[in-house]
$ cat data-v7.cif   # mmCIF, N, CA and C atoms
data_my_file
loop_
_atom_site.label_atom_id
_atom_site.label_comp_id
_atom_site.auth_asym_id
_atom_site.auth_seq_id
_atom_site.Cartn_x
_atom_site.Cartn_y
_atom_site.Cartn_z
N MET B 1 41.99 86.72 46.70
CA MET B 1 41.86 85.31 46.58
C MET B 1 40.43 84.90 46.27
N THR B 2 39.51 85.58 46.87
CA THR B 2 38.12 85.25 46.57
C THR B 2 37.75 85.59 45.13
N LEU B 3 38.40 86.62 44.60
CA LEU B 3 38.11 86.97 43.21
C LEU B 3 38.60 85.88 42.26
N ILE B 4 39.77 85.32 42.54
CA ILE B 4 40.30 84.22 41.70
C ILE B 4 39.42 82.99 41.85
N ALA B 5 38.97 82.71 43.04
CA ALA B 5 38.09 81.55 43.27
C ALA B 5 36.77 81.73 42.54
N ASP B 6 36.23 82.96 42.54
CA ASP B 6 34.97 83.22 41.83
C ASP B 6 35.15 83.08 40.32
N ILE B 7 36.28 83.56 39.80
CA ILE B 7 36.54 83.43 38.34
C ILE B 7 36.68 81.96 37.96
N LEU B 8 37.41 81.20 38.76
CA LEU B 8 37.55 79.76 38.48
C LEU B 8 36.21 79.05 38.59
N MET B 9 35.36 79.46 39.51
CA MET B 9 34.03 78.87 39.67
C MET B 9 33.17 79.20 38.45
N ILE B 10 33.25 80.39 37.93
CA ILE B 10 32.48 80.78 36.75
C ILE B 10 32.98 80.02 35.52
N ILE B 11 34.29 79.88 35.37
CA ILE B 11 34.86 79.13 34.24
C ILE B 11 34.44 77.65 34.34
N GLY B 12 34.50 77.09 35.52
CA GLY B 12 34.06 75.69 35.72
C GLY B 12 32.59 75.51 35.39
N THR B 13 31.78 76.47 35.80
CA THR B 13 30.35 76.40 35.52
C THR B 13 30.09 76.50 34.02
N LEU B 14 30.81 77.37 33.33
CA LEU B 14 30.64 77.48 31.87
C LEU B 14 31.07 76.17 31.17
N CYS B 15 32.15 75.58 31.63
CA CYS B 15 32.60 74.30 31.04
C CYS B 15 31.56 73.21 31.24
N VAL B 16 30.99 73.13 32.42
CA VAL B 16 29.96 72.12 32.70
C VAL B 16 28.72 72.40 31.84
N ALA B 17 28.37 73.69 31.65
CA ALA B 17 27.21 74.04 30.82
C ALA B 17 27.45 73.62 29.38
N VAL B 18 28.66 73.86 28.83
CA VAL B 18 28.99 73.45 27.45
C VAL B 18 28.95 71.92 27.35
N TYR B 19 29.48 71.23 28.34
CA TYR B 19 29.47 69.75 28.35
C TYR B 19 28.03 69.23 28.34
N CYS B 20 27.16 69.84 29.12
CA CYS B 20 25.75 69.41 29.16
C CYS B 20 25.06 69.65 27.82
N ILE B 21 25.38 70.76 27.17
CA ILE B 21 24.78 71.05 25.85
C ILE B 21 25.24 70.00 24.82
N VAL B 22 26.53 69.67 24.83
CA VAL B 22 27.05 68.64 23.91
C VAL B 22 26.38 67.30 24.17
N LEU B 23 26.25 66.89 25.42
CA LEU B 23 25.59 65.62 25.75
C LEU B 23 24.12 65.62 25.33
N ALA B 24 23.43 66.74 25.49
CA ALA B 24 22.02 66.84 25.10
C ALA B 24 21.86 66.66 23.60
N ARG B 25 22.78 67.29 22.82
CA ARG B 25 22.71 67.13 21.36
C ARG B 25 22.98 65.68 20.95
N ARG B 26 23.99 65.07 21.57
CA ARG B 26 24.28 63.66 21.25
C ARG B 26 23.10 62.75 21.59
N LEU B 27 22.49 62.99 22.73
CA LEU B 27 21.35 62.18 23.14
C LEU B 27 20.16 62.37 22.20
N SER B 28 19.93 63.61 21.76
CA SER B 28 18.82 63.84 20.83
C SER B 28 19.08 63.16 19.49
N ARG B 29 20.35 63.14 19.01
CA ARG B 29 20.68 62.44 17.77
C ARG B 29 20.59 60.92 17.96
N PHE B 30 20.94 60.46 19.16
CA PHE B 30 20.90 59.03 19.44
C PHE B 30 19.47 58.49 19.42
N THR B 31 18.55 59.25 19.95
CA THR B 31 17.16 58.80 20.03
C THR B 31 16.31 59.27 18.87
N ASP B 32 16.90 59.93 17.87
CA ASP B 32 16.16 60.39 16.70
C ASP B 32 15.56 59.18 15.97
N LEU B 33 14.26 59.26 15.64
CA LEU B 33 13.57 58.12 15.03
C LEU B 33 13.92 57.95 13.56
N GLU B 34 14.46 58.94 12.92
CA GLU B 34 14.75 58.81 11.49
C GLU B 34 16.18 58.36 11.22
N LYS B 35 17.15 58.90 11.99
CA LYS B 35 18.55 58.61 11.68
C LYS B 35 19.29 57.89 12.80
N GLY B 36 18.87 58.04 14.01
CA GLY B 36 19.65 57.53 15.13
C GLY B 36 19.29 56.10 15.51
N MET B 37 19.71 55.74 16.71
CA MET B 37 19.46 54.40 17.24
C MET B 37 17.97 54.15 17.45
N GLY B 38 17.22 55.19 17.75
CA GLY B 38 15.78 55.03 17.92
C GLY B 38 15.14 54.53 16.64
N GLY B 39 15.60 55.06 15.51
CA GLY B 39 15.08 54.60 14.22
C GLY B 39 15.46 53.16 13.96
N ALA B 40 16.70 52.81 14.28
CA ALA B 40 17.15 51.43 14.09
C ALA B 40 16.35 50.48 14.97
N ILE B 41 16.09 50.89 16.20
CA ILE B 41 15.30 50.04 17.11
C ILE B 41 13.88 49.91 16.60
N ALA B 42 13.30 51.00 16.09
CA ALA B 42 11.94 50.94 15.55
C ALA B 42 11.87 50.02 14.34
N VAL B 43 12.87 50.10 13.46
CA VAL B 43 12.90 49.23 12.28
C VAL B 43 13.05 47.77 12.69
N LEU B 44 13.95 47.50 13.63
CA LEU B 44 14.13 46.13 14.08
C LEU B 44 12.88 45.59 14.76
N SER B 45 12.20 46.42 15.49
CA SER B 45 10.96 46.00 16.14
C SER B 45 9.90 45.62 15.11
N ALA B 46 9.79 46.41 14.05
CA ALA B 46 8.84 46.09 12.98
C ALA B 46 9.22 44.80 12.28
N GLN B 47 10.52 44.59 12.07
CA GLN B 47 10.97 43.36 11.43
C GLN B 47 10.70 42.14 12.31
N VAL B 48 10.85 42.29 13.61
CA VAL B 48 10.56 41.18 14.52
C VAL B 48 9.07 40.84 14.46
N ASP B 49 8.22 41.84 14.41
CA ASP B 49 6.78 41.58 14.29
C ASP B 49 6.45 40.85 12.99
N ASP B 50 7.06 41.30 11.88
CA ASP B 50 6.83 40.64 10.60
C ASP B 50 7.32 39.19 10.62
N MET B 51 8.48 38.98 11.20
CA MET B 51 9.02 37.62 11.26
C MET B 51 8.16 36.72 12.15
N THR B 52 7.60 37.27 13.21
CA THR B 52 6.72 36.49 14.08
C THR B 52 5.47 36.06 13.31
N LYS B 53 4.90 36.97 12.54
CA LYS B 53 3.72 36.63 11.74
C LYS B 53 4.06 35.58 10.69
N THR B 54 5.21 35.74 10.03
CA THR B 54 5.64 34.78 9.02
C THR B 54 5.88 33.41 9.64
N LEU B 55 6.49 33.38 10.80
CA LEU B 55 6.75 32.12 11.49
C LEU B 55 5.45 31.42 11.86
N THR B 56 4.47 32.18 12.31
CA THR B 56 3.18 31.60 12.66
C THR B 56 2.51 30.99 11.43
N LYS B 57 2.55 31.72 10.32
CA LYS B 57 1.98 31.18 9.07
C LYS B 57 2.72 29.92 8.64
N ALA B 58 4.05 29.92 8.74
CA ALA B 58 4.83 28.76 8.33
C ALA B 58 4.53 27.55 9.21
N GLN B 59 4.32 27.77 10.50
CA GLN B 59 3.98 26.67 11.40
C GLN B 59 2.62 26.09 11.05
N LYS B 60 1.65 26.95 10.72
CA LYS B 60 0.33 26.46 10.33
C LYS B 60 0.41 25.67 9.04
N THR B 61 1.18 26.18 8.08
CA THR B 61 1.34 25.48 6.81
C THR B 61 2.02 24.13 7.01
N ALA B 62 3.04 24.11 7.85
CA ALA B 62 3.75 22.85 8.11
C ALA B 62 2.84 21.84 8.80
N ALA B 63 2.00 22.30 9.70
CA ALA B 63 1.07 21.39 10.37
C ALA B 63 0.08 20.81 9.37
N GLY B 64 -0.43 21.66 8.47
CA GLY B 64 -1.35 21.18 7.43
C GLY B 64 -0.67 20.20 6.50
N SER B 65 0.57 20.48 6.14
CA SER B 65 1.32 19.57 5.26
C SER B 65 1.58 18.24 5.96
N ALA B 66 1.84 18.28 7.23
CA ALA B 66 2.08 17.04 7.98
C ALA B 66 0.83 16.17 7.99
N VAL B 67 -0.33 16.80 8.16
CA VAL B 67 -1.59 16.05 8.16
C VAL B 67 -1.83 15.43 6.79
N LYS B 68 -1.61 16.22 5.73
CA LYS B 68 -1.79 15.70 4.37
C LYS B 68 -0.82 14.56 4.10
N LEU B 69 0.42 14.73 4.53
CA LEU B 69 1.42 13.69 4.31
C LEU B 69 1.06 12.41 5.05
N GLU B 70 0.53 12.54 6.24
CA GLU B 70 0.12 11.37 7.00
C GLU B 70 -1.04 10.65 6.29
N GLU B 71 -2.00 11.42 5.77
CA GLU B 71 -3.11 10.81 5.04
C GLU B 71 -2.62 10.09 3.79
N LEU B 72 -1.70 10.73 3.06
CA LEU B 72 -1.15 10.10 1.86
C LEU B 72 -0.35 8.85 2.20
N THR B 73 0.35 8.87 3.31
CA THR B 73 1.11 7.70 3.74
C THR B 73 0.16 6.54 4.06
N LEU B 74 -0.93 6.84 4.74
CA LEU B 74 -1.90 5.80 5.04
C LEU B 74 -2.51 5.23 3.77
N ARG B 75 -2.82 6.12 2.81
CA ARG B 75 -3.37 5.64 1.54
C ARG B 75 -2.35 4.76 0.81
N ALA B 76 -1.09 5.16 0.85
CA ALA B 76 -0.05 4.37 0.19
C ALA B 76 0.12 3.01 0.86
N GLU B 77 0.04 2.99 2.18
CA GLU B 77 0.14 1.71 2.89
C GLU B 77 -1.03 0.80 2.55
N ASP B 78 -2.24 1.37 2.45
CA ASP B 78 -3.40 0.58 2.06
C ASP B 78 -3.24 0.04 0.64
N ALA B 79 -2.75 0.89 -0.25
CA ALA B 79 -2.53 0.44 -1.62
C ALA B 79 -1.48 -0.67 -1.67
N ALA B 80 -0.44 -0.54 -0.87
CA ALA B 80 0.60 -1.58 -0.83
C ALA B 80 0.03 -2.90 -0.32
N LYS B 81 -0.84 -2.82 0.68
CA LYS B 81 -1.47 -4.04 1.18
C LYS B 81 -2.33 -4.69 0.11
N ARG B 82 -3.08 -3.85 -0.63
CA ARG B 82 -3.91 -4.42 -1.70
C ARG B 82 -3.05 -5.04 -2.79
N LEU B 83 -1.93 -4.38 -3.12
CA LEU B 83 -1.04 -4.94 -4.14
C LEU B 83 -0.43 -6.26 -3.66
N GLU B 84 -0.07 -6.33 -2.39
CA GLU B 84 0.46 -7.58 -1.86
C GLU B 84 -0.59 -8.68 -1.93
N LEU B 85 -1.83 -8.33 -1.64
CA LEU B 85 -2.91 -9.32 -1.73
C LEU B 85 -3.11 -9.77 -3.17
N LEU B 86 -3.06 -8.84 -4.10
CA LEU B 86 -3.19 -9.21 -5.51
C LEU B 86 -2.03 -10.09 -5.95
N MET B 87 -0.82 -9.76 -5.50
CA MET B 87 0.33 -10.59 -5.85
C MET B 87 0.20 -11.99 -5.26
N ALA B 88 -0.31 -12.07 -4.03
CA ALA B 88 -0.51 -13.37 -3.42
C ALA B 88 -1.58 -14.16 -4.16
N SER B 89 -2.61 -13.47 -4.63
CA SER B 89 -3.68 -14.18 -5.36
C SER B 89 -3.21 -14.61 -6.74
N MET B 90 -2.16 -13.99 -7.26
CA MET B 90 -1.63 -14.41 -8.56
C MET B 90 -1.02 -15.81 -8.48
N HIS B 91 -0.59 -16.23 -7.31
CA HIS B 91 -0.04 -17.57 -7.15
C HIS B 91 -1.14 -18.62 -7.25
N ASP B 92 -2.37 -18.22 -6.99
CA ASP B 92 -3.49 -19.17 -7.08
C ASP B 92 -3.98 -19.37 -8.50
N LEU B 93 -3.56 -18.54 -9.43
CA LEU B 93 -3.99 -18.66 -10.82
C LEU B 93 -3.37 -19.92 -11.44
N PRO B 94 -4.10 -20.54 -12.33
CA PRO B 94 -3.52 -21.71 -12.99
C PRO B 94 -2.38 -21.27 -13.91
N THR B 95 -1.39 -22.13 -14.04
CA THR B 95 -0.25 -21.81 -14.89
C THR B 95 -0.61 -22.04 -16.34
N GLN B 96 0.27 -21.68 -17.24
CA GLN B 96 0.02 -21.82 -18.68
C GLN B 96 -0.11 -23.29 -19.05
N GLN B 97 0.65 -24.18 -18.42
CA GLN B 97 0.57 -25.61 -18.73
C GLN B 97 -0.78 -26.17 -18.31
N ASP B 98 -1.30 -25.70 -17.15
CA ASP B 98 -2.62 -26.16 -16.71
C ASP B 98 -3.70 -25.69 -17.66
N ASN B 99 -3.57 -24.50 -18.20
CA ASN B 99 -4.56 -23.97 -19.13
C ASN B 99 -4.57 -24.78 -20.43
N THR B 100 -3.40 -25.18 -20.93
CA THR B 100 -3.34 -25.95 -22.17
C THR B 100 -3.90 -27.34 -21.95
N ALA B 101 -3.71 -27.90 -20.77
CA ALA B 101 -4.24 -29.22 -20.49
C ALA B 101 -5.77 -29.17 -20.42
N GLU B 102 -6.32 -28.13 -19.84
CA GLU B 102 -7.78 -28.00 -19.74
C GLU B 102 -8.41 -27.74 -21.10
N THR B 103 -7.77 -26.97 -21.93
CA THR B 103 -8.34 -26.66 -23.25
C THR B 103 -8.27 -27.86 -24.17
N SER B 104 -7.28 -28.72 -24.01
CA SER B 104 -7.21 -29.91 -24.86
C SER B 104 -8.28 -30.92 -24.46
N GLU B 105 -8.73 -30.88 -23.21
CA GLU B 105 -9.77 -31.80 -22.78
C GLU B 105 -11.16 -31.35 -23.21
N THR B 106 -11.39 -30.06 -23.41
CA THR B 106 -12.71 -29.56 -23.81
C THR B 106 -12.63 -29.05 -25.24
N PRO B 107 -12.97 -29.90 -26.20
CA PRO B 107 -12.84 -29.50 -27.60
C PRO B 107 -13.96 -28.54 -28.03
N ALA B 108 -15.07 -28.46 -27.31
CA ALA B 108 -16.19 -27.64 -27.74
C ALA B 108 -16.01 -26.16 -27.40
N ALA B 109 -15.10 -25.82 -26.55
CA ALA B 109 -14.91 -24.42 -26.14
C ALA B 109 -14.24 -23.63 -27.25
N SER B 110 -14.78 -22.47 -27.56
CA SER B 110 -14.21 -21.65 -28.63
C SER B 110 -13.10 -20.78 -28.07
N SER B 111 -12.32 -20.19 -28.95
CA SER B 111 -11.18 -19.38 -28.50
C SER B 111 -11.64 -18.09 -27.83
N THR B 112 -12.76 -17.50 -28.25
CA THR B 112 -13.24 -16.27 -27.59
C THR B 112 -13.73 -16.57 -26.18
N GLU B 113 -14.34 -17.71 -25.98
CA GLU B 113 -14.77 -18.08 -24.63
C GLU B 113 -13.56 -18.31 -23.74
N GLN B 114 -12.51 -18.89 -24.30
CA GLN B 114 -11.29 -19.10 -23.52
C GLN B 114 -10.66 -17.76 -23.12
N ASP B 115 -10.66 -16.82 -24.07
CA ASP B 115 -10.10 -15.49 -23.76
C ASP B 115 -10.91 -14.82 -22.66
N GLU B 116 -12.23 -14.94 -22.70
CA GLU B 116 -13.06 -14.33 -21.66
C GLU B 116 -12.81 -14.98 -20.30
N GLU B 117 -12.64 -16.30 -20.30
CA GLU B 117 -12.37 -17.00 -19.05
C GLU B 117 -11.03 -16.56 -18.47
N ARG B 118 -10.02 -16.37 -19.32
CA ARG B 118 -8.72 -15.92 -18.85
C ARG B 118 -8.80 -14.51 -18.28
N ALA B 119 -9.54 -13.66 -18.97
CA ALA B 119 -9.70 -12.29 -18.49
C ALA B 119 -10.45 -12.28 -17.17
N ASP B 120 -11.49 -13.14 -17.04
CA ASP B 120 -12.21 -13.21 -15.77
C ASP B 120 -11.33 -13.78 -14.67
N ALA B 121 -10.44 -14.71 -15.02
CA ALA B 121 -9.55 -15.29 -14.01
C ALA B 121 -8.57 -14.25 -13.48
N LEU B 122 -8.18 -13.29 -14.31
CA LEU B 122 -7.25 -12.27 -13.88
C LEU B 122 -7.89 -11.28 -12.92
N PHE B 123 -9.18 -11.05 -13.08
CA PHE B 123 -9.88 -10.08 -12.24
C PHE B 123 -10.86 -10.82 -11.34
N PHE B 124 -10.52 -10.95 -10.08
CA PHE B 124 -11.40 -11.61 -9.13
C PHE B 124 -12.44 -10.63 -8.58
N SER B 125 -12.27 -9.37 -8.89
CA SER B 125 -13.19 -8.36 -8.41
C SER B 125 -14.49 -8.43 -9.20
N ARG B 126 -15.58 -8.08 -8.55
CA ARG B 126 -16.87 -8.07 -9.24
C ARG B 126 -17.15 -6.71 -9.89
N ARG B 127 -16.20 -5.81 -9.76
CA ARG B 127 -16.35 -4.51 -10.40
C ARG B 127 -16.07 -4.64 -11.89
N PRO B 128 -16.60 -3.72 -12.69
CA PRO B 128 -16.23 -3.73 -14.12
C PRO B 128 -14.73 -3.53 -14.29
N GLN B 129 -14.19 -4.01 -15.39
CA GLN B 129 -12.74 -3.95 -15.60
C GLN B 129 -12.23 -2.53 -15.65
N VAL B 130 -13.01 -1.60 -16.18
CA VAL B 130 -12.57 -0.22 -16.28
C VAL B 130 -12.43 0.37 -14.87
N GLU B 131 -13.39 0.07 -13.99
CA GLU B 131 -13.35 0.59 -12.64
C GLU B 131 -12.19 -0.04 -11.88
N ALA B 132 -11.93 -1.30 -12.10
CA ALA B 132 -10.83 -1.98 -11.42
C ALA B 132 -9.49 -1.41 -11.86
N ALA B 133 -9.39 -0.97 -13.11
CA ALA B 133 -8.13 -0.43 -13.61
C ALA B 133 -7.83 0.93 -12.98
N GLU B 134 -8.87 1.67 -12.63
CA GLU B 134 -8.64 2.98 -12.04
C GLU B 134 -8.11 2.82 -10.66
#

$ encode --input "data-v7.cif" --output "structure tokens"
Amino acid sequence: MTLIADILMIIGTLCVAVYCIVLARRLSRFTDLEKGMGGAIAVLSAQVDDMTKTLTKAQKTAAGSAVKLEELTLRAEDAAKRLELLMASMHDLPTQQDNTAETSETPAASSTEQDEERADALFFSRRPQVEAAE
């Protein structure tokens, strides 16, 4: 009986040894950096690092764009205010009927002087006309 027990113990030990060898091979393939899960984890880790760097750059770019957009919005609002002021000042200009009445009363004024007066009336700015147009 002891001989049978010893044989069964040796067979059991050999089976466990074969099982351990199979598990060791699977584990070495699993953690292999080129083909196994270890390689996949290494690749994913590198991709996460790259994406983090890209995200940081994108956030900096977005912040810079937001600042530029805010500056442009302020400039546009200022320009709109100036345009509104110019439109409001256009109501103060004499109408065409008032201009004809004034020219009929002053016979000595030449047509070029009248044209200059009209051009000056359109531009209330003291800047040259070229600068005002820009």

$ atom_distance --input "data-v7.cif" --atom1 "atom C of Thr31 in chain B" --atom2 "atom C of Leu44 in chain B"
14.7 Å

$ atom_distance --input "data-v7.cif" --atom1 "CA of Glu70 in chain B" --atom2 "CA of Leu85 in chain B"
22.7 Å

$ atom_distance --input "data-v7.cif" --atom1 "atom C of Thr61 in chain B" --atom2 "atom C of Asp49 in chain B"
18.3 Å

$ build_atoms --input "data-v7.cif" --residues "range 29-40 of chain B" --atoms "all heavy atoms" --output "PDB file, in the coordinates of the input"
ATOM      1  N   ARG B  29      20.350  63.140  19.010  1.00  0.00           N
ATOM      2  CA  ARG B  29      20.680  62.440  17.770  1.00  0.00           C
ATOM      3  C   ARG B  29      20.590  60.920  17.960  1.00  0.00           C
ATOM      4  O   ARG B  29      20.219  60.194  17.049  1.00  0.00           O
ATOM      5  CB  ARG B  29      22.078  62.820  17.304  1.00  0.00           C
ATOM      6  CG  ARG B  29      22.074  64.128  16.527  1.00  0.00           C
ATOM      7  CD  ARG B  29      23.420  64.396  15.926  1.00  0.00           C
ATOM      8  NE  ARG B  29      24.177  65.171  16.928  1.00  0.00           N
ATOM      9  CZ  ARG B  29      25.483  65.211  17.019  1.00  0.00           C
ATOM     10  NH1 ARG B  29      26.221  64.531  16.183  1.00  0.00           N
ATOM     11  NH2 ARG B  29      26.063  65.921  17.952  1.00  0.00           N
ATOM     12  N   PHE B  30      20.940  60.460  19.160  1.00  0.00           N
ATOM     13  CA  PHE B  30      20.900  59.030  19.440  1.00  0.00           C
ATOM     14  C   PHE B  30      19.470  58.490  19.420  1.00  0.00           C
ATOM     15  O   PHE B  30      19.216  57.404  18.924  1.00  0.00           O
ATOM     16  CB  PHE B  30      21.554  58.755  20.804  1.00  0.00           C
ATOM     17  CG  PHE B  30      21.639  57.308  21.160  1.00  0.00           C
ATOM     18  CD1 PHE B  30      22.580  56.492  20.546  1.00  0.00           C
ATOM     19  CD2 PHE B  30      20.805  56.761  22.123  1.00  0.00           C
ATOM     20  CE1 PHE B  30      22.669  55.161  20.888  1.00  0.00           C
ATOM     21  CE2 PHE B  30      20.900  55.436  22.456  1.00  0.00           C
ATOM     22  CZ  PHE B  30      21.827  54.630  21.843  1.00  0.00           C
ATOM     23  N   THR B  31      18.550  59.250  19.950  1.00  0.00           N
ATOM     24  CA  THR B  31      17.160  58.800  20.030  1.00  0.00           C
ATOM     25  C   THR B  31      16.310  59.270  18.870  1.00  0.00           C
ATOM     26  O   THR B  31      15.102  59.041  18.864  1.00  0.00           O
ATOM     27  CB  THR B  31      16.520  59.287  21.338  1.00  0.00           C
ATOM     28  OG1 THR B  31      16.570  60.711  21.382  1.00  0.00           O
ATOM     29  CG2 THR B  31      17.203  58.689  22.546  1.00  0.00           C
ATOM     30  N   ASP B  32      16.900  59.930  17.870  1.00  0.00           N
ATOM     31  CA  ASP B  32      16.160  60.390  16.700  1.00  0.00           C
ATOM     32  C   ASP B  32      15.560  59.180  15.970  1.00  0.00           C
ATOM     33  O   ASP B  32      16.244  58.205  15.686  1.00  0.00           O
ATOM     34  CB  ASP B  32      17.097  61.162  15.768  1.00  0.00           C
ATOM     35  CG  ASP B  32      16.351  61.792  14.611  1.00  0.00           C
ATOM     36  OD1 ASP B  32      15.137  62.008  14.726  1.00  0.00           O
ATOM     37  OD2 ASP B  32      17.016  62.071  13.582  1.00  0.00           O
ATOM     38  N   LEU B  33      14.260  59.260  15.640  1.00  0.00           N
ATOM     39  CA  LEU B  33      13.570  58.120  15.030  1.00  0.00           C
ATOM     40  C   LEU B  33      13.920  57.950  13.560  1.00  0.00           C
ATOM     41  O   LEU B  33      13.660  56.893  12.987  1.00  0.00           O
ATOM     42  CB  LEU B  33      12.062  58.269  15.202  1.00  0.00           C
ATOM     43  CG  LEU B  33      11.553  58.080  16.628  1.00  0.00           C
ATOM     44  CD1 LEU B  33      10.054  58.314  16.678  1.00  0.00           C
ATOM     45  CD2 LEU B  33      11.871  56.695  17.142  1.00  0.00           C
ATOM     46  N   GLU B  34      14.460  58.940  12.920  1.00  0.00           N
ATOM     47  CA  GLU B  34      14.750  58.810  11.490  1.00  0.00           C
ATOM     48  C   GLU B  34      16.180  58.360  11.220  1.00  0.00           C
ATOM     49  O   GLU B  34      16.433  57.567  10.328  1.00  0.00           O
ATOM     50  CB  GLU B  34      14.488  60.142  10.791  1.00  0.00           C
ATOM     51  CG  GLU B  34      13.018  60.502  10.751  1.00  0.00           C
ATOM     52  CD  GLU B  34      12.778  61.825  10.037  1.00  0.00           C
ATOM     53  OE1 GLU B  34      13.710  62.326   9.387  1.00  0.00           O
ATOM     54  OE2 GLU B  34      11.662  62.338  10.155  1.00  0.00           O
ATOM     55  N   LYS B  35      17.150  58.900  11.990  1.00  0.00           N
ATOM     56  CA  LYS B  35      18.550  58.610  11.680  1.00  0.00           C
ATOM     57  C   LYS B  35      19.290  57.890  12.800  1.00  0.00           C
ATOM     58  O   LYS B  35      20.250  57.181  12.532  1.00  0.00           O
ATOM     59  CB  LYS B  35      19.291  59.905  11.372  1.00  0.00           C
ATOM     60  CG  LYS B  35      18.801  60.607  10.143  1.00  0.00           C
ATOM     61  CD  LYS B  35      19.584  61.880   9.901  1.00  0.00           C
ATOM     62  CE  LYS B  35      19.050  62.615   8.687  1.00  0.00           C
ATOM     63  NZ  LYS B  35      19.759  63.864   8.445  1.00  0.00           N
ATOM     64  N   GLY B  36      18.870  58.040  14.010  1.00  0.00           N
ATOM     65  CA  GLY B  36      19.650  57.530  15.130  1.00  0.00           C
ATOM     66  C   GLY B  36      19.290  56.100  15.510  1.00  0.00           C
ATOM     67  O   GLY B  36      18.682  55.337  14.765  1.00  0.00           O
ATOM     68  N   MET B  37      19.710  55.740  16.710  1.00  0.00           N
ATOM     69  CA  MET B  37      19.460  54.400  17.240  1.00  0.00           C
ATOM     70  C   MET B  37      17.970  54.150  17.450  1.00  0.00           C
ATOM     71  O   MET B  37      17.515  53.011  17.337  1.00  0.00           O
ATOM     72  CB  MET B  37      20.202  54.195  18.562  1.00  0.00           C
ATOM     73  CG  MET B  37      21.686  54.010  18.401  1.00  0.00           C
ATOM     74  SD  MET B  37      22.126  52.579  17.414  1.00  0.00           S
ATOM     75  CE  MET B  37      21.657  51.262  18.483  1.00  0.00           C
ATOM     76  N   GLY B  38      17.220  55.190  17.750  1.00  0.00           N
ATOM     77  CA  GLY B  38      15.780  55.030  17.920  1.00  0.00           C
ATOM     78  C   GLY B  38      15.140  54.530  16.640  1.00  0.00           C
ATOM     79  O   GLY B  38      14.264  53.666  16.663  1.00  0.00           O
ATOM     80  N   GLY B  39      15.600  55.060  15.510  1.00  0.00           N
ATOM     81  CA  GLY B  39      15.080  54.600  14.220  1.00  0.00           C
ATOM     82  C   GLY B  39      15.460  53.160  13.960  1.00  0.00           C
ATOM     83  O   GLY B  39      14.666  52.352  13.462  1.00  0.00           O
ATOM     84  N   ALA B  40      16.700  52.810  14.280  1.00  0.00           N
ATOM     85  CA  ALA B  40      17.150  51.430  14.090  1.00  0.00           C
ATOM     86  C   ALA B  40      16.350  50.480  14.970  1.00  0.00           C
ATOM     87  O   ALA B  40      15.957  49.385  14.528  1.00  0.00           O
ATOM     88  CB  ALA B  40      18.639  51.320  14.406  1.00  0.00           C
TER      89      ALA B  40
END
